[in-house]
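Chemist: The structure's right below; bear with me while I get my questions together.
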Amino acid sequence: MKKIKVDLGERAYDILISAGITNSPIKELNDILGERKILTVTDTNVSEIYKLHISQIIDSEFSIFQAGEENKTLETMGKIYHDAVCAGLNRKSVITGFGGGVSGDIAGFAASSYMRGIDFVQIPTTLLAMVDSSVGGKTGVDLPEGKNLVGAFWQPQIVIIDTHFLQTLPKREILCGLAEIVKYAVIMDSDFFDLLEQNVDKLINLDLEFYEKIIAKCCELKAYVVKEDEKENGLRAILNYGHTFGHAIEKEANYGEIQHGEGVSIGMSIAADLAVNVRYMQKEDAIRQENLLKQLGLPTSYSNFQPEKLFENMSSDKKKQDSKTRLILPSQIGIASLLDYITKEDIISAIRGRKN
Ligand code: ADP
Ligand code: ZN
């Protein structure tokens with residue numbers, strides 16, 4: 001078992017990672033839960049496969065919502081509050097988020113606001129949620145006007161990661177997580193990038209022992225960033241590598257046929273080209289990134305969208321702070337920074353270069 005400490009002072013917590021950790025009672029979890037009332041928030045898919053399984057180690061009521069990002073709404077929140085009241089949850093109770101990023105986001109937001117905030121436990125079941133949402137405390141829901149427009153920073157008491165859950169995850173969802181894993185390596189850790197490059201077969205074949213190792217690495221890297229910048233004022237921006245382009249692509253696809261990780265993979269490809277074009281990064285490094293993404297089976301180009309439209313979408317990304325376009329670009333594998341001097345022409349030209 002691997003244990004990662006997310007060191008946020010009073011809000012510090014542990015992430016426990018192990019294949020099969022949820023097959024028997026988890027002492028660290030039980031120490032936190034005690035005799036308290038628990039409501040587990042999960043979606044219909046995860047509930048169908050794992051409700052019985054998780055019930056064997058957590059004595060909990062359930063609040064189950066229809067699977068799908070389109071249900072990450074205030075309406076679903078209302079249902080969760082209702083279920084919490086019906087289950088008799090009080091200020092001492094606990095909400096568990098059990099599932100992918102959507103379950104984690106809404107369960108965490110419910111925990112942050114029910115009775116002005118109660119304890120939260122996270123059990124992610126997608127690769128993306130394991131490496132991304134289990135560190136950082138971002139919770140929230142979408143509004144009709146845009147994604148993640150309402151939410152809170154709310155840290156869990158503990159995160160339990162069982163890589164066995166990955167065995168039922170659709171391959172496309174695994175790939176989306178892998179895009180985020182490559183992202184960590186490119187922006188922060190060249191040794192980690194080497195390790196991924198040398199073990200593509202283990203990544204593709206879902207070698208769970210290897211996954212335990214790399215999930216732990218990603219949690220460690222993200223924990224470091226979040227510790228330095230919990231509320232996203234500075235360093236934390238590097239985690240957006242590939243995301244400004246990725247979000248623009250996701251938005252153009254109407255959040256449909258392109259998934260988040262796929263958008264990020266194409267976005268990183270555009271960003272790396274841009275870094276090469278403005279002579280910030282060597283071409284060899286961009287090629288290494290490209291090869292790794294391709295070997296894993298991730299997309300590095302797009303076909304259906306107009307480059308100018310993607311640029312327009314970028315400008316309306318809520319992470320943008322003023323009229324300048326700020327972009328995270330790598331200077332080499334393992335190091336990235338926020339640049340604010342890249343011109344519109346350079347950006348559009350890089351976007352254009354990745355259109356099939
Ligand atoms: P993410 O944002 O982490 O990709 P979602 O909550 O959108 O997460 O989950 C993606 C999809 O995968 C959803 O349809 C969800 O029900 C399903 N899912 C989550 N975990 C598993 C799992 N371990 N096995 C099978 N399906 C899963
Ligand atoms: Zn992401």
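FYI, nothing fancy with the structure tokens labels: chains A, B, ... in order, residues from 1 per chain, ligands from 1 as they appear.
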For the structure I just gave you, how does DSSP split range 33-128 of chain A - specifically, which residues are helix (DSSP H, G or I)? Reply as an MDAnalysis selection string.

Modeler: chainID A and resid 33 44:55 69:71 74:86 101:116 127:128

Chemist: Go ahead and write the selection's residues with C-alpha atoms as an mmCIF file, in the first residue's frame.

Modeler:
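Writing done, so here's selection.cif:
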```
data_model
loop_
_atom_site.group_PDB
_atom_site.id
_atom_site.type_symbol
_atom_site.label_atom_id
_atom_site.label_comp_id
_atom_site.auth_asym_id
_atom_site.auth_seq_id
_atom_site.Cartn_x
_atom_site.Cartn_y
_atom_site.Cartn_z
ATOM 1 C CA LEU A 33 -15.881 7.489 10.318
ATOM 2 C CA THR A 44 -26.211 4.776 -11.376
ATOM 3 C CA ASN A 45 -23.331 3.004 -13.180
ATOM 4 C CA VAL A 46 -21.007 2.804 -10.206
ATOM 5 C CA SER A 47 -23.872 1.894 -7.919
ATOM 6 C CA GLU A 48 -24.896 -0.986 -10.155
ATOM 7 C CA ILE A 49 -21.417 -2.502 -10.158
ATOM 8 C CA TYR A 50 -20.134 -1.626 -6.694
ATOM 9 C CA LYS A 51 -22.928 -0.764 -4.253
ATOM 10 C CA LEU A 52 -22.873 -4.174 -2.611
ATOM 11 C CA HIS A 53 -19.086 -4.222 -2.605
ATOM 12 C CA ILE A 54 -18.726 -0.876 -0.860
ATOM 13 C CA SER A 55 -21.574 -1.644 1.546
ATOM 14 C CA GLU A 69 -21.808 15.072 -16.564
ATOM 15 C CA GLU A 70 -25.117 16.632 -17.659
ATOM 16 C CA ASN A 71 -26.412 15.746 -14.197
ATOM 17 C CA LEU A 74 -28.035 22.189 -8.789
ATOM 18 C CA GLU A 75 -31.040 19.928 -9.284
ATOM 19 C CA THR A 76 -28.968 16.865 -8.394
ATOM 20 C CA MET A 77 -27.573 18.802 -5.420
ATOM 21 C CA GLY A 78 -31.145 19.412 -4.250
ATOM 22 C CA LYS A 79 -31.830 15.688 -4.379
ATOM 23 C CA ILE A 80 -28.662 14.957 -2.369
ATOM 24 C CA TYR A 81 -29.621 17.490 0.328
ATOM 25 C CA HIS A 82 -33.053 15.888 0.445
ATOM 26 C CA ASP A 83 -31.544 12.400 0.813
ATOM 27 C CA ALA A 84 -29.190 13.729 3.504
ATOM 28 C CA VAL A 85 -32.091 15.113 5.542
ATOM 29 C CA CYS A 86 -34.116 11.909 5.065
ATOM 30 C CA GLY A 101 -15.020 13.117 -11.121
ATOM 31 C CA VAL A 102 -18.711 13.939 -11.328
ATOM 32 C CA SER A 103 -19.588 12.035 -8.148
ATOM 33 C CA GLY A 104 -16.607 13.554 -6.352
ATOM 34 C CA ASP A 105 -17.459 17.093 -7.433
ATOM 35 C CA ILE A 106 -21.086 17.035 -6.394
ATOM 36 C CA ALA A 107 -20.571 14.962 -3.244
ATOM 37 C CA GLY A 108 -17.805 17.338 -2.153
ATOM 38 C CA PHE A 109 -19.933 20.397 -2.842
ATOM 39 C CA ALA A 110 -22.831 18.838 -0.939
ATOM 40 C CA ALA A 111 -20.469 18.153 1.993
ATOM 41 C CA SER A 112 -19.117 21.714 1.858
ATOM 42 C CA SER A 113 -22.574 23.218 2.167
ATOM 43 C CA TYR A 114 -24.869 20.793 4.018
ATOM 44 C CA MET A 115 -25.401 22.286 7.493
ATOM 45 C CA ARG A 116 -22.631 24.791 6.638
ATOM 46 C CA LEU A 127 -8.356 6.947 -13.363
ATOM 47 C CA LEU A 128 -9.001 10.644 -13.990
#
```

Chemist: Identify, counting only C-alpha atoms and all ligand atoms, the protein, DNA and RNA residues located within 10 Å of ligand 2, and give them as a compact mmCIF listing (two decimals) with C-alpha atoms, in the first residue's frame.

Modeler:
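Dumped to selection-v2.txt:
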```txt
# COMPACT_ATOMS: atom_id res chain seq x y z
CA LEU A 128 -9.00 10.64 -13.99
CA ALA A 129 -10.55 11.11 -10.55
CA VAL A 131 -4.98 11.29 -10.33
CA ASP A 132 -6.82 14.60 -10.53
CA SER A 133 -9.83 15.17 -8.29
CA CYS A 176 -8.52 10.12 -20.47
CA GLY A 177 -6.76 9.51 -17.19
CA ALA A 179 -3.62 12.10 -20.76
CA GLU A 180 -3.65 13.75 -17.35
CA ILE A 181 -0.81 11.48 -16.18
CA LYS A 183 0.54 16.08 -18.31
CA LEU A 239 -1.82 22.07 -13.90
CA ASN A 240 -3.77 23.76 -16.69
CA TYR A 241 -1.15 22.70 -19.25
CA GLY A 242 -3.02 21.66 -22.40
CA HIS A 243 -6.32 22.64 -20.79
CA GLY A 246 -8.47 21.35 -24.51
CA HIS A 247 -11.43 23.23 -23.04
CA HIS A 260 -11.87 15.83 -21.37
CA GLY A 261 -8.69 13.76 -21.54
CA GLU A 262 -8.82 13.68 -25.32
CA GLY A 263 -9.16 17.47 -25.41
CA VAL A 264 -6.20 17.75 -23.04
CA SER A 265 -4.11 15.42 -25.21
```

Chemist: Between CA of Arg236 in chain A and atom 11 (C, counted along the ligand's line) of ligand 1, what is the distance, to one decimal in Å?

Modeler: 25.8 Å

Chemist: Between CA of Lys37 in chain A and CA of Lys92 in chain A, what is the spacing in Å?

Modeler: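 A separation of 7.8 Å between them.
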
Chemist: Have a look at A:Lys5, A:Lys222, A:Arg326, A:His164 and name the one nearest to ligand 1; count only C-alpha atoms and all ligand atoms.

Modeler: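 Residue with the minimum atom-to-atom distance to ligand 1: A:His164.
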
Chemist: Please compute the CA of Ala185 in chain A-CA of Ala152 in chain A distance, one decimal, in Å.

Modeler: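 Interatomic distance here is 27.5 Å.
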